[in-house]
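Asker: After the structure tokens below, expect a handful of questions from me.
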Amino acid sequence: MKFRISKEKLLEGLQQVQNVVSSRATLPVLSNVLIEAESSGLRFTTTDLDIVVSGRIAVTEEPDGPLEIMETGSVTLPARRLAAIVRELPASEVTVTVDSENTAAIRCGNSFFKILGLPAEDFPPPPKFEDVKEFILTQKTLRDALKKTAYAISTDETRYVLNGIYCQFKENKMTLVATDGRRLAMTEAEVEFPESNEAAVIVPTKAVSELQRLLKDDQGQLVIRIGARQIAFELNQSLLVSKLIEGNYPNFRQVIPGAANERVTLEREAFLQAAQRVSLLAPDKSNSVKLHFTKDNIEITANSADIGEARESIAVKYNGPNMAIAFNPEYLVAPFRNLDADEIFLDLIDEVSPGVIKIASPFLYVLMPMRVSQ
Amino acid sequence: MSGRRVIFHLDMDAFYASVEQRDNPEWRGLPVIVGGSPEWRGVVCAASYEARKFGVHSAMPSITAGRLCPKGIFVRPRMDTYRTESEAIMGIVQRLAPGPMQQVSVDEAYVEVTAQLPEMENHDDLLESARPLAREIKDAIRTERGLTATIGIAPNKFLAKIASSSFKPDGLTLVPETGKAEFLRALPVGAIHGVGRVTEAALQQAGFHTIADLQDTGTDLRSLVGSWGPELKRMAFGNDDRPLDTGDEIKSISTENTFPRDTADRAVLRACLREQAAELGEKLARHRLSAGTVQVKVRYGDFTTLTRQFSVEEPLEEAAAIYRFACWLLARHELVNRPLRLLGLGLSALQEITLRQLRLELK
């Protein structure tokens with residue numbers, strides 16, 4: 001196996017897949033990237049047995065293109081080490097030759113590296129898919145939906161069904177939900193598919209973050225394929241296959257409150273800035289920021305017994321009763337950070353009921369307040 | 001805390017066994033062993049002085065005790081009785097010595113009596129002036145409760161404990177301030193508070209067997225015991241500034257169960273954990289506390305004991321959450337890879353609840 005490639009392309013290919021490689025891999029070959037050279041292009045694949053990510057660089061027509069395959073073949077090489085080497089290479093063009101002993105010779109400018117690899121046959125074969133349902137959407141649709149929800153995924157490993165995004169395809173809508181039991185983010189997007197394709201799955205956190213890395217090309221097409229135990233995302237030259245979280249996602253609809261008593265309209269950027277400033281005095285998990293509502297005004301306050309206090313007022317349209325409600329600062333600002341809309345609605349019932357953040361498009365964020373214990 | 005202090009260390013003599021002998025006069029003068037019976041599982045909780053002559057001591061498996069002392073009278077512990085007894089005794093102590101008290105266990109406490117003694121220039125005289133008070137406490141416990149106690153009098157906790165353990169039962173030993181270093185010389189290094197089995201082995205390996213060896217050495221003890229070195233040296237000379245921990249602040253709570261038979265039965269273990277979590281959850285609620293760290297403890301048939309802990313992001317309050325983390329810890333570390341003899345659950349990093357994050361009712 002032999003190929004010539006631009007340093008930039010090689011690094012890009014490796015970086016796209018190297019995050020999946022665990023630093024504490026159980027099998028040596030799982031620390032490696034599978035490199036397959038075919039006449040039409042070069043494919044990089046990594047896996048941790050839960051997720052497979054693979055990316056491809058195609059051979060282009062032009063004579064001095066960034067990739068030239070001189071001899072086809074395949075090998076696996078230590079992924080992180082290889083990426084570290086390529087990053088430091090001195091020239092723009094790299095030649096990689098792999099012998100029958102799976103040893104790779106990497107030449108670039110005046111430098112030479114010999115890297116010991118493992119046979120491609122040792123690499124776990126790709127998972128088999130059955131009963132596949134297919135969905136086609138733009139990459140932007142999924143990218144936006146993930147951005148609006150992924151931050152609310154639970155990190156509490158004892159409730160594993162919450163360690164991912166619930167993804168439902170129903171009535172020509174894709175609904176994504178993430179929650180950690182204290183707040184819940186949900187968004188919907190229109191996607192066309194036949195009724196027989198309706199499905200609901202939980203996509204694990206690691207797959208979500210890998211996917212977010214791959215979703216760059218807004219207008220490009222994305223194919224989602226859902227099997228009984230796996231989900232695959234195909235986009236551009238990349239493929240991500242992940243195991244699904246098995247289990248029942250909680251019935252999230254029942255925690256979405258009905259009609260609110262009060263609605264205030266907030267200017268996203270201004271509120272975010274103010275809340276972040278005040279939060280500097282609510283540094284840990286047990287602290288809260290308080291929103292004090294009075295006529296046409298919100299005052300955001302925080303105080304910490306050891307540090308001091310902070311206050312900032314924002315003029316809003318508000319005509320309801322005076323009220324003060326406390327939230328975890330991180331949970332409060334998270335949607336403001338991740339939404340694009342300029343205008344954000346905050347719906348409130350009272351001090352001990354969930355607040356709901358909405359925007360003009362289908363999205364909602366249910367946030368439980370904090371309460372002084374009596 | 002420095003300055004001249006007078007500390008009592010009160011230690012009840014063979015407490016559980018003495019209570020049993022008091023309540024069952026026919027057992028007086030006989031070897032009484034409180035704990036599980038030899039045919040059943042369990043360990044010795046306490047042994048009367050008659051039983052100790054056979055080499056029986058607490059924490060020994062009952063089966064071993066039965067072999068050492070075949071004529072021993074095995075008595076099931078009556079914890080409620082001992083607890084009530086303990087309260088009565090500590091009540092007597094506090095009545096006669098109302099100063100700060102640190103109760104270490106049901107049958108052991110430190111009391112600082114400095115404040116109730118007359119002013120005196122000389123520390124030794126001050127200590128000596130506390131002797132009648134110690135006698136008074138011992139007499140009151142004997143006449144009111146029918147039990148004997150041993151008291152050590154010393155300028156600090158470490159020496160007071162050494163003093164009480166140097167002469168038992170029914171002892172009253174005083175370690176004077178001026179003779180304290182001398183008093184310690186012959187004792188093994190393991191007698192020093194904080195020197196456990198590992199440190200003791202390390203010290204002995206390096207040639208330190210008695211406290212005198214530690215006193216006389218020019219070696220920097222930090223090379224053996226790390227940053228604790230200077231403290232160890234101070235202790236070896238009988239200096240100890242530790243204040244009494246009067247227990248106003250709870251640092252951790254825990255509970256454990258020994259199974260009648262070693263078990264790996266998931267249903268049994270889960271039920272046990274659920275009960276323990278409920279108990280701890282209740283305790284937290286009573287003290288209005290939340291816990292930042294959960295710990296599980298397992299002991300296998302061969303007495304190998306492991307603990308694993310996890311610090312949670314958001315402090316726990318509820319039994320259900322405590323239970324969930326306990327199960328997860330067992331699973332994550334694959335602790336139930338063989339039958340368990342004992343299962344325990346503990347909470348630490350306790351903090352007062354001031355603000356509570358409300359939760360979505362997800363089902």
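Labels for the structure tokens follow display order: chains A, B, ..., residues from 1 in each chain, ligands from 1.
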Sort by chain and increasing residue number a table of all residues of chain B within 6 Å of chain A, each with its closest pair of atoms and their distance in Å to one decimal, counting only C-alpha atoms, and write it as CSV.

Answerer:
```
residue,atom,partner,partner_atom,distance
B:Trp328,CA,A:Thr158,CA,5.9
B:Thr354,CA,A:Ser373,CA,5.6
B:Leu355,CA,A:Val372,CA,4.4
B:Arg356,CA,A:Arg371,CA,5.1
B:Gln357,CA,A:Met370,CA,4.3
B:Leu358,CA,A:Met368,CA,5.5
B:Arg359,CA,A:Arg182,CA,4.8
B:Leu360,CA,A:Gly181,CA,5.3
B:Leu362,CA,A:Pro250,CA,5.8
B:Lys363,CA,A:Pro250,CA,5.1
```

Asker: What lies within 8 Å of Ile51 (chain A) using only C-alpha atoms, ignoring chain neighbours under 6 positions off, as a ChimeraX atom specification?

Answerer: /A:20,207,240-243

Asker: Save out the residues we just selected, C-alpha atoms, as a PDB file, in the first residue's frame.

Answerer:
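Saved as out_33.pdb:
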```pdb
ATOM      1  CA  VAL A  20     -13.507   8.214  19.008  1.00  0.00           C
ATOM      2  CA  ALA A 207     -22.354   9.986  19.207  1.00  0.00           C
ATOM      3  CA  LEU A 240     -20.987   7.676  11.805  1.00  0.00           C
ATOM      4  CA  VAL A 241     -22.595   4.533  13.193  1.00  0.00           C
ATOM      5  CA  SER A 242     -23.547   4.342  16.852  1.00  0.00           C
ATOM      6  CA  LYS A 243     -25.215   1.888  19.147  1.00  0.00           C
TER       7      LYS A 243
END
```

Asker: Skip Val223 (chain A) itself and residues of its chain fewer than 4 positions away, then list as a PDB file with all heavy atoms, in the first residue's frame all residues within 12 Å of it, counting only C-alpha atoms.

Answerer:
```pdb
ATOM      1  N   VAL A 132     -33.928  -1.457   8.426  1.00  0.00           N
ATOM      2  CA  VAL A 132     -33.501  -0.070   8.409  1.00  0.00           C
ATOM      3  C   VAL A 132     -34.598   0.877   7.941  1.00  0.00           C
ATOM      4  O   VAL A 132     -35.295   0.607   6.969  1.00  0.00           O
ATOM      5  CB  VAL A 132     -32.259   0.073   7.516  1.00  0.00           C
ATOM      6  CG1 VAL A 132     -31.814   1.521   7.467  1.00  0.00           C
ATOM      7  CG2 VAL A 132     -31.148  -0.788   8.057  1.00  0.00           C
ATOM      8  N   LYS A 133     -34.739   1.980   8.697  1.00  0.00           N
ATOM      9  CA  LYS A 133     -35.615   3.074   8.253  1.00  0.00           C
ATOM     10  C   LYS A 133     -34.720   4.239   7.866  1.00  0.00           C
ATOM     11  O   LYS A 133     -33.772   4.547   8.578  1.00  0.00           O
ATOM     12  CB  LYS A 133     -36.552   3.487   9.382  1.00  0.00           C
ATOM     13  CG  LYS A 133     -37.535   2.386   9.758  1.00  0.00           C
ATOM     14  CD  LYS A 133     -38.266   2.728  11.029  1.00  0.00           C
ATOM     15  CE  LYS A 133     -39.227   1.590  11.378  1.00  0.00           C
ATOM     16  NZ  LYS A 133     -39.817   1.781  12.702  1.00  0.00           N
ATOM     17  N   GLU A 134     -35.071   4.878   6.754  1.00  0.00           N
ATOM     18  CA  GLU A 134     -34.172   5.910   6.239  1.00  0.00           C
ATOM     19  C   GLU A 134     -34.839   7.277   6.229  1.00  0.00           C
ATOM     20  O   GLU A 134     -36.020   7.397   5.916  1.00  0.00           O
ATOM     21  CB  GLU A 134     -33.768   5.525   4.817  1.00  0.00           C
ATOM     22  CG  GLU A 134     -32.470   6.151   4.387  1.00  0.00           C
ATOM     23  CD  GLU A 134     -32.022   5.584   3.047  1.00  0.00           C
ATOM     24  OE1 GLU A 134     -31.309   4.572   3.038  1.00  0.00           O
ATOM     25  OE2 GLU A 134     -32.408   6.175   2.015  1.00  0.00           O
ATOM     26  N   PHE A 135     -34.072   8.306   6.603  1.00  0.00           N
ATOM     27  CA  PHE A 135     -34.581   9.669   6.624  1.00  0.00           C
ATOM     28  C   PHE A 135     -33.565  10.568   5.941  1.00  0.00           C
ATOM     29  O   PHE A 135     -32.370  10.412   6.146  1.00  0.00           O
ATOM     30  CB  PHE A 135     -34.772  10.152   8.063  1.00  0.00           C
ATOM     31  CG  PHE A 135     -35.617   9.228   8.895  1.00  0.00           C
ATOM     32  CD1 PHE A 135     -35.036   8.154   9.571  1.00  0.00           C
ATOM     33  CD2 PHE A 135     -36.989   9.419   8.978  1.00  0.00           C
ATOM     34  CE1 PHE A 135     -35.816   7.299  10.320  1.00  0.00           C
ATOM     35  CE2 PHE A 135     -37.774   8.547   9.727  1.00  0.00           C
ATOM     36  CZ  PHE A 135     -37.186   7.482  10.401  1.00  0.00           C
ATOM     37  N   ILE A 136     -34.090  11.486   5.111  1.00  0.00           N
ATOM     38  CA  ILE A 136     -33.175  12.393   4.428  1.00  0.00           C
ATOM     39  C   ILE A 136     -33.510  13.823   4.850  1.00  0.00           C
ATOM     40  O   ILE A 136     -34.675  14.235   4.811  1.00  0.00           O
ATOM     41  CB  ILE A 136     -33.287  12.230   2.900  1.00  0.00           C
ATOM     42  CG1 ILE A 136     -32.869  10.801   2.545  1.00  0.00           C
ATOM     43  CG2 ILE A 136     -32.424  13.244   2.170  1.00  0.00           C
ATOM     44  CD1 ILE A 136     -33.094  10.436   1.110  1.00  0.00           C
ATOM     45  N   LEU A 137     -32.508  14.548   5.295  1.00  0.00           N
ATOM     46  CA  LEU A 137     -32.722  15.937   5.683  1.00  0.00           C
ATOM     47  C   LEU A 137     -31.457  16.730   5.380  1.00  0.00           C
ATOM     48  O   LEU A 137     -30.435  16.149   5.006  1.00  0.00           O
ATOM     49  CB  LEU A 137     -33.116  16.065   7.156  1.00  0.00           C
ATOM     50  CG  LEU A 137     -32.323  15.359   8.246  1.00  0.00           C
ATOM     51  CD1 LEU A 137     -32.566  16.039   9.572  1.00  0.00           C
ATOM     52  CD2 LEU A 137     -32.735  13.896   8.352  1.00  0.00           C
ATOM     53  N   THR A 138     -31.530  18.038   5.567  1.00  0.00           N
ATOM     54  CA  THR A 138     -30.308  18.816   5.350  1.00  0.00           C
ATOM     55  C   THR A 138     -29.480  18.742   6.637  1.00  0.00           C
ATOM     56  O   THR A 138     -30.022  18.574   7.728  1.00  0.00           O
ATOM     57  CB  THR A 138     -30.590  20.300   5.039  1.00  0.00           C
ATOM     58  OG1 THR A 138     -31.201  20.886   6.181  1.00  0.00           O
ATOM     59  CG2 THR A 138     -31.490  20.459   3.822  1.00  0.00           C
ATOM     60  N   GLN A 139     -28.200  18.906   6.456  1.00  0.00           N
ATOM     61  CA  GLN A 139     -27.317  18.867   7.632  1.00  0.00           C
ATOM     62  C   GLN A 139     -27.656  19.991   8.603  1.00  0.00           C
ATOM     63  O   GLN A 139     -27.579  19.831   9.819  1.00  0.00           O
ATOM     64  CB  GLN A 139     -25.858  18.970   7.188  1.00  0.00           C
ATOM     65  CG  GLN A 139     -25.420  17.747   6.414  1.00  0.00           C
ATOM     66  CD  GLN A 139     -23.941  17.809   6.038  1.00  0.00           C
ATOM     67  OE1 GLN A 139     -23.143  18.404   6.723  1.00  0.00           O
ATOM     68  NE2 GLN A 139     -23.600  17.179   4.933  1.00  0.00           N
ATOM     69  N   THR A 141     -30.515  21.232   9.319  1.00  0.00           N
ATOM     70  CA  THR A 141     -31.675  20.901  10.149  1.00  0.00           C
ATOM     71  C   THR A 141     -31.240  20.177  11.423  1.00  0.00           C
ATOM     72  O   THR A 141     -31.633  20.533  12.525  1.00  0.00           O
ATOM     73  CB  THR A 141     -32.660  20.003   9.359  1.00  0.00           C
ATOM     74  OG1 THR A 141     -32.945  20.647   8.122  1.00  0.00           O
ATOM     75  CG2 THR A 141     -33.941  19.776  10.127  1.00  0.00           C
ATOM     76  N   LEU A 142     -30.413  19.170  11.236  1.00  0.00           N
ATOM     77  CA  LEU A 142     -29.991  18.398  12.407  1.00  0.00           C
ATOM     78  C   LEU A 142     -29.004  19.192  13.271  1.00  0.00           C
ATOM     79  O   LEU A 142     -29.063  19.165  14.490  1.00  0.00           O
ATOM     80  CB  LEU A 142     -29.356  17.066  11.974  1.00  0.00           C
ATOM     81  CG  LEU A 142     -29.002  16.140  13.144  1.00  0.00           C
ATOM     82  CD1 LEU A 142     -30.242  15.757  13.942  1.00  0.00           C
ATOM     83  CD2 LEU A 142     -28.287  14.879  12.668  1.00  0.00           C
ATOM     84  N   VAL A 191     -39.553  17.096   8.672  1.00  0.00           N
ATOM     85  CA  VAL A 191     -38.785  16.173   7.849  1.00  0.00           C
ATOM     86  C   VAL A 191     -39.808  15.277   7.163  1.00  0.00           C
ATOM     87  O   VAL A 191     -40.764  14.840   7.806  1.00  0.00           O
ATOM     88  CB  VAL A 191     -37.837  15.306   8.717  1.00  0.00           C
ATOM     89  CG1 VAL A 191     -37.117  14.267   7.866  1.00  0.00           C
ATOM     90  CG2 VAL A 191     -36.828  16.167   9.460  1.00  0.00           C
ATOM     91  N   PHE A 193     -41.142  11.870   5.533  1.00  0.00           N
ATOM     92  CA  PHE A 193     -40.883  10.427   5.472  1.00  0.00           C
ATOM     93  C   PHE A 193     -42.226   9.709   5.501  1.00  0.00           C
ATOM     94  O   PHE A 193     -43.213  10.252   6.008  1.00  0.00           O
ATOM     95  CB  PHE A 193     -39.996   9.979   6.629  1.00  0.00           C
ATOM     96  CG  PHE A 193     -40.469  10.433   7.987  1.00  0.00           C
ATOM     97  CD1 PHE A 193     -41.392   9.684   8.713  1.00  0.00           C
ATOM     98  CD2 PHE A 193     -40.000  11.625   8.537  1.00  0.00           C
ATOM     99  CE1 PHE A 193     -41.820  10.107   9.956  1.00  0.00           C
ATOM    100  CE2 PHE A 193     -40.444  12.048   9.784  1.00  0.00           C
ATOM    101  CZ  PHE A 193     -41.360  11.288  10.494  1.00  0.00           C
ATOM    102  N   LEU A 215     -21.005  17.685  11.371  1.00  0.00           N
ATOM    103  CA  LEU A 215     -22.030  18.489  10.687  1.00  0.00           C
ATOM    104  C   LEU A 215     -21.519  19.900  10.462  1.00  0.00           C
ATOM    105  O   LEU A 215     -21.644  20.749  11.335  1.00  0.00           O
ATOM    106  CB  LEU A 215     -23.301  18.542  11.540  1.00  0.00           C
ATOM    107  CG  LEU A 215     -24.131  17.266  11.626  1.00  0.00           C
ATOM    108  CD1 LEU A 215     -25.152  17.378  12.738  1.00  0.00           C
ATOM    109  CD2 LEU A 215     -24.822  16.986  10.308  1.00  0.00           C
ATOM    110  N   ILE A 231     -27.834   3.359  14.878  1.00  0.00           N
ATOM    111  CA  ILE A 231     -28.223   4.480  14.041  1.00  0.00           C
ATOM    112  C   ILE A 231     -26.994   4.886  13.241  1.00  0.00           C
ATOM    113  O   ILE A 231     -25.871   4.809  13.745  1.00  0.00           O
ATOM    114  CB  ILE A 231     -28.774   5.654  14.888  1.00  0.00           C
ATOM    115  CG1 ILE A 231     -29.343   6.758  13.991  1.00  0.00           C
ATOM    116  CG2 ILE A 231     -27.704   6.223  15.828  1.00  0.00           C
ATOM    117  CD1 ILE A 231     -30.238   7.729  14.738  1.00  0.00           C
ATOM    118  N   ALA A 232     -27.209   5.250  11.987  1.00  0.00           N
ATOM    119  CA  ALA A 232     -26.095   5.676  11.137  1.00  0.00           C
ATOM    120  C   ALA A 232     -26.396   7.050  10.564  1.00  0.00           C
ATOM    121  O   ALA A 232     -27.550   7.364  10.263  1.00  0.00           O
ATOM    122  CB  ALA A 232     -25.873   4.671  10.019  1.00  0.00           C
ATOM    123  N   PHE A 233     -25.357   7.854  10.463  1.00  0.00           N
ATOM    124  CA  PHE A 233     -25.481   9.168   9.840  1.00  0.00           C
ATOM    125  C   PHE A 233     -24.484   9.217   8.696  1.00  0.00           C
ATOM    126  O   PHE A 233     -23.287   9.006   8.901  1.00  0.00           O
ATOM    127  CB  PHE A 233     -25.157  10.274  10.851  1.00  0.00           C
ATOM    128  CG  PHE A 233     -26.051  10.261  12.062  1.00  0.00           C
ATOM    129  CD1 PHE A 233     -25.726   9.489  13.173  1.00  0.00           C
ATOM    130  CD2 PHE A 233     -27.215  11.024  12.096  1.00  0.00           C
ATOM    131  CE1 PHE A 233     -26.540   9.464  14.289  1.00  0.00           C
ATOM    132  CE2 PHE A 233     -28.041  11.006  13.218  1.00  0.00           C
ATOM    133  CZ  PHE A 233     -27.705  10.221  14.319  1.00  0.00           C
ATOM    134  N   GLU A 234     -24.992   9.483   7.489  1.00  0.00           N
ATOM    135  CA  GLU A 234     -24.110   9.563   6.325  1.00  0.00           C
ATOM    136  C   GLU A 234     -24.132  10.980   5.805  1.00  0.00           C
ATOM    137  O   GLU A 234     -25.203  11.515   5.498  1.00  0.00           O
ATOM    138  CB  GLU A 234     -24.621   8.642   5.216  1.00  0.00           C
ATOM    139  CG  GLU A 234     -24.270   7.189   5.423  1.00  0.00           C
ATOM    140  CD  GLU A 234     -24.840   6.338   4.280  1.00  0.00           C
ATOM    141  OE1 GLU A 234     -24.748   6.780   3.118  1.00  0.00           O
ATOM    142  OE2 GLU A 234     -25.419   5.294   4.604  1.00  0.00           O
ATOM    143  N   LEU A 235     -22.973  11.596   5.716  1.00  0.00           N
ATOM    144  CA  LEU A 235     -22.934  12.950   5.210  1.00  0.00           C
ATOM    145  C   LEU A 235     -21.589  13.178   4.529  1.00  0.00           C
ATOM    146  O   LEU A 235     -20.581  12.627   4.955  1.00  0.00           O
ATOM    147  CB  LEU A 235     -23.133  13.954   6.346  1.00  0.00           C
ATOM    148  CG  LEU A 235     -22.160  13.968   7.500  1.00  0.00           C
ATOM    149  CD1 LEU A 235     -22.104  15.339   8.121  1.00  0.00           C
ATOM    150  CD2 LEU A 235     -22.546  12.952   8.543  1.00  0.00           C
ATOM    151  N   ASN A 236     -21.623  13.991   3.507  1.00  0.00           N
ATOM    152  CA  ASN A 236     -20.416  14.269   2.726  1.00  0.00           C
ATOM    153  C   ASN A 236     -19.682  12.951   2.486  1.00  0.00           C
ATOM    154  O   ASN A 236     -20.255  12.013   1.981  1.00  0.00           O
ATOM    155  CB  ASN A 236     -19.506  15.260   3.456  1.00  0.00           C
ATOM    156  CG  ASN A 236     -20.265  16.499   3.892  1.00  0.00           C
ATOM    157  OD1 ASN A 236     -21.303  16.815   3.302  1.00  0.00           O
ATOM    158  ND2 ASN A 236     -19.773  17.176   4.887  1.00  0.00           N
ATOM    159  N   GLN A 237     -18.453  12.894   2.894  1.00  0.00           N
ATOM    160  CA  GLN A 237     -17.702  11.663   2.703  1.00  0.00           C
ATOM    161  C   GLN A 237     -17.616  10.880   4.006  1.00  0.00           C
ATOM    162  O   GLN A 237     -16.811   9.973   4.131  1.00  0.00           O
ATOM    163  CB  GLN A 237     -16.292  12.006   2.209  1.00  0.00           C
ATOM    164  CG  GLN A 237     -16.253  12.781   0.912  1.00  0.00           C
ATOM    165  CD  GLN A 237     -16.446  11.872  -0.289  1.00  0.00           C
ATOM    166  OE1 GLN A 237     -16.121  10.699  -0.256  1.00  0.00           O
ATOM    167  NE2 GLN A 237     -17.009  12.413  -1.353  1.00  0.00           N
ATOM    168  N   SER A 238     -18.426  11.279   5.001  1.00  0.00           N
ATOM    169  CA  SER A 238     -18.280  10.675   6.324  1.00  0.00           C
ATOM    170  C   SER A 238     -19.448   9.778   6.697  1.00  0.00           C
ATOM    171  O   SER A 238     -20.550   9.928   6.188  1.00  0.00           O
ATOM    172  CB  SER A 238     -18.160  11.769   7.388  1.00  0.00           C
ATOM    173  OG  SER A 238     -17.105  12.628   7.080  1.00  0.00           O
ATOM    174  N   LEU A 239     -19.145   8.881   7.626  1.00  0.00           N
ATOM    175  CA  LEU A 239     -20.166   7.970   8.128  1.00  0.00           C
ATOM    176  C   LEU A 239     -19.963   7.817   9.625  1.00  0.00           C
ATOM    177  O   LEU A 239     -18.847   7.618  10.095  1.00  0.00           O
ATOM    178  CB  LEU A 239     -20.014   6.606   7.446  1.00  0.00           C
ATOM    179  CG  LEU A 239     -20.862   5.472   8.025  1.00  0.00           C
ATOM    180  CD1 LEU A 239     -22.336   5.683   7.701  1.00  0.00           C
ATOM    181  CD2 LEU A 239     -20.401   4.123   7.478  1.00  0.00           C
ATOM    182  N   LEU A 240     -21.053   7.930  10.367  1.00  0.00           N
ATOM    183  CA  LEU A 240     -20.987   7.676  11.805  1.00  0.00           C
ATOM    184  C   LEU A 240     -22.048   6.636  12.132  1.00  0.00           C
ATOM    185  O   LEU A 240     -23.207   6.809  11.777  1.00  0.00           O
ATOM    186  CB  LEU A 240     -21.245   8.968  12.587  1.00  0.00           C
ATOM    187  CG  LEU A 240     -21.123   8.865  14.114  1.00  0.00           C
ATOM    188  CD1 LEU A 240     -20.698  10.209  14.700  1.00  0.00           C
ATOM    189  CD2 LEU A 240     -22.409   8.434  14.790  1.00  0.00           C
ATOM    190  N   VAL A 241     -21.632   5.550  12.762  1.00  0.00           N
ATOM    191  CA  VAL A 241     -22.595   4.533  13.193  1.00  0.00           C
ATOM    192  C   VAL A 241     -22.470   4.409  14.702  1.00  0.00           C
ATOM    193  O   VAL A 241     -21.365   4.317  15.239  1.00  0.00           O
ATOM    194  CB  VAL A 241     -22.298   3.162  12.546  1.00  0.00           C
ATOM    195  CG1 VAL A 241     -23.369   2.145  12.940  1.00  0.00           C
ATOM    196  CG2 VAL A 241     -22.207   3.289  11.035  1.00  0.00           C
TER     197      VAL A 241
END
```

Asker: May I have the residues within 9 Å of Glu39 (chain B) as a ChimeraX atom specification, using only C-alpha atoms and disregarding those fewer than 6 positions away in the same chain?

Answerer: /B:62-63,66

Asker: Fewer than 4 positions away in the same chain doesn't count, so skip those; otherwise give me all residues within 10 Å of Tyr49 (chain B), counting only C-alpha atoms, as a PDB file with C-alpha atoms, in the first residue's frame.

Answerer:
```
ATOM      1  CA  ASP B  13     -14.436  -1.777  81.385  1.00  0.00           C
ATOM      2  CA  ALA B  14     -15.560  -4.578  79.041  1.00  0.00           C
ATOM      3  CA  ALA B  17     -19.988  -7.927  78.887  1.00  0.00           C
ATOM      4  CA  SER B  18     -20.108  -6.018  82.174  1.00  0.00           C
ATOM      5  CA  GLY B  29     -16.842 -14.390  87.386  1.00  0.00           C
ATOM      6  CA  LEU B  30     -17.467 -16.395  84.213  1.00  0.00           C
ATOM      7  CA  PRO B  31     -16.202 -15.844  80.668  1.00  0.00           C
ATOM      8  CA  VAL B  32     -18.985 -13.893  78.938  1.00  0.00           C
ATOM      9  CA  ILE B  33     -18.670 -13.272  75.220  1.00  0.00           C
ATOM     10  CA  LYS B  53      -7.733 -14.579  79.650  1.00  0.00           C
ATOM     11  CA  PHE B  54      -8.410 -17.170  76.947  1.00  0.00           C
ATOM     12  CA  GLY B  55      -7.277 -14.753  74.267  1.00  0.00           C
ATOM     13  CA  VAL B  56     -10.778 -13.765  73.196  1.00  0.00           C
ATOM     14  CA  HIS B  57     -11.038 -10.162  72.034  1.00  0.00           C
ATOM     15  CA  LYS B 168      -7.508  -1.467  83.444  1.00  0.00           C
ATOM     16  CA  PRO B 169     -10.054  -2.401  84.723  1.00  0.00           C
TER      17      PRO B 169
END
```

Asker: Determine the nearest neighbour of Glu313 (chain B) from the options B:Ile250, B:Leu214, B:Ala291, B:Cys272, counting only C-alpha atoms.

Answerer: B:Ala291

Asker: What's the separation between CA of Thr46 (chain A) and CA of Thr76 (chain A), in Å to one decimal place?

Answerer: 9.4 Å

Asker: At a cut-off of 12 Å, using only C-alpha atoms, what residues contact Asp99 (chain A)? Leave out same-chain residues fewer than 6 positions from it and give the result as a PyMOL selection string.

Answerer: chain A and resi 1-2+71-75+105-106+114-119

Asker: Tell me, as a ChimeraX atom specification, which residues lie within 12 Å of Thr150 (chain B), counting only C-alpha atoms; anything in the same chain fewer than 3 positions away does not count.

Answerer: /B:8-15,107-110,134-135,137-139,141-142,147,153,160-174

Asker: Create the file for the chosen residues now, containing C-alpha atoms and written as a compact mmCIF listing (two decimals), in the first residue's frame.

Answerer:
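The new file selection.txt reads:
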```txt
# COMPACT_ATOMS: atom_id res chain seq x y z
CA PHE B 8 -10.13 12.91 81.08
CA HIS B 9 -10.40 9.81 78.94
CA LEU B 10 -13.18 7.64 80.31
CA ASP B 11 -13.36 4.06 79.13
CA MET B 12 -15.93 1.59 80.45
CA ASP B 13 -14.44 -1.78 81.39
CA ALA B 14 -15.56 -4.58 79.04
CA PHE B 15 -18.71 -2.58 78.63
CA ASP B 107 -18.38 3.30 76.14
CA GLU B 108 -15.66 5.86 75.62
CA ALA B 109 -15.43 9.65 75.94
CA TYR B 110 -13.05 12.53 76.43
CA ALA B 134 -12.18 11.53 88.45
CA ARG B 135 -12.73 9.40 91.55
CA ILE B 137 -17.14 10.09 88.48
CA LYS B 138 -15.96 6.51 88.87
CA ASP B 139 -17.78 6.14 92.19
CA ILE B 141 -20.92 5.19 87.86
CA ARG B 142 -20.32 2.28 90.22
CA LEU B 147 -20.40 -0.75 86.43
CA ILE B 153 -6.01 12.09 83.35
CA ALA B 160 -5.29 10.64 78.43
CA LYS B 161 -6.09 7.68 76.23
CA ILE B 162 -2.68 6.12 76.84
CA ALA B 163 -3.20 6.68 80.56
CA SER B 164 -6.56 4.94 80.67
CA SER B 165 -5.32 1.98 78.64
CA SER B 166 -2.22 1.55 80.82
CA PHE B 167 -4.18 0.31 83.80
CA LYS B 168 -7.51 -1.47 83.44
CA PRO B 169 -10.05 -2.40 84.72
CA ASP B 170 -11.22 0.08 87.35
CA GLY B 171 -8.12 2.16 86.80
CA LEU B 172 -7.26 5.78 87.47
CA THR B 173 -3.96 6.84 85.95
CA LEU B 174 -2.50 10.30 85.71
```

Asker: DSSP on the backbone, then: every residue of region 198-231 of chain A marked alpha helix (DSSP H), written as a list in words.

Answerer: Thr205, Lys206, Ala207, Val208, Ser209, Glu210, Leu211, Gln212, Arg213 and Leu214 of chain A

Asker: Taking only C-alpha atoms into account, which of B:His193, B:Arg95, B:Lys297, B:Lys283 comes nearest Leu345 (chain B)?

Answerer: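 Closest candidate: B:Lys297.
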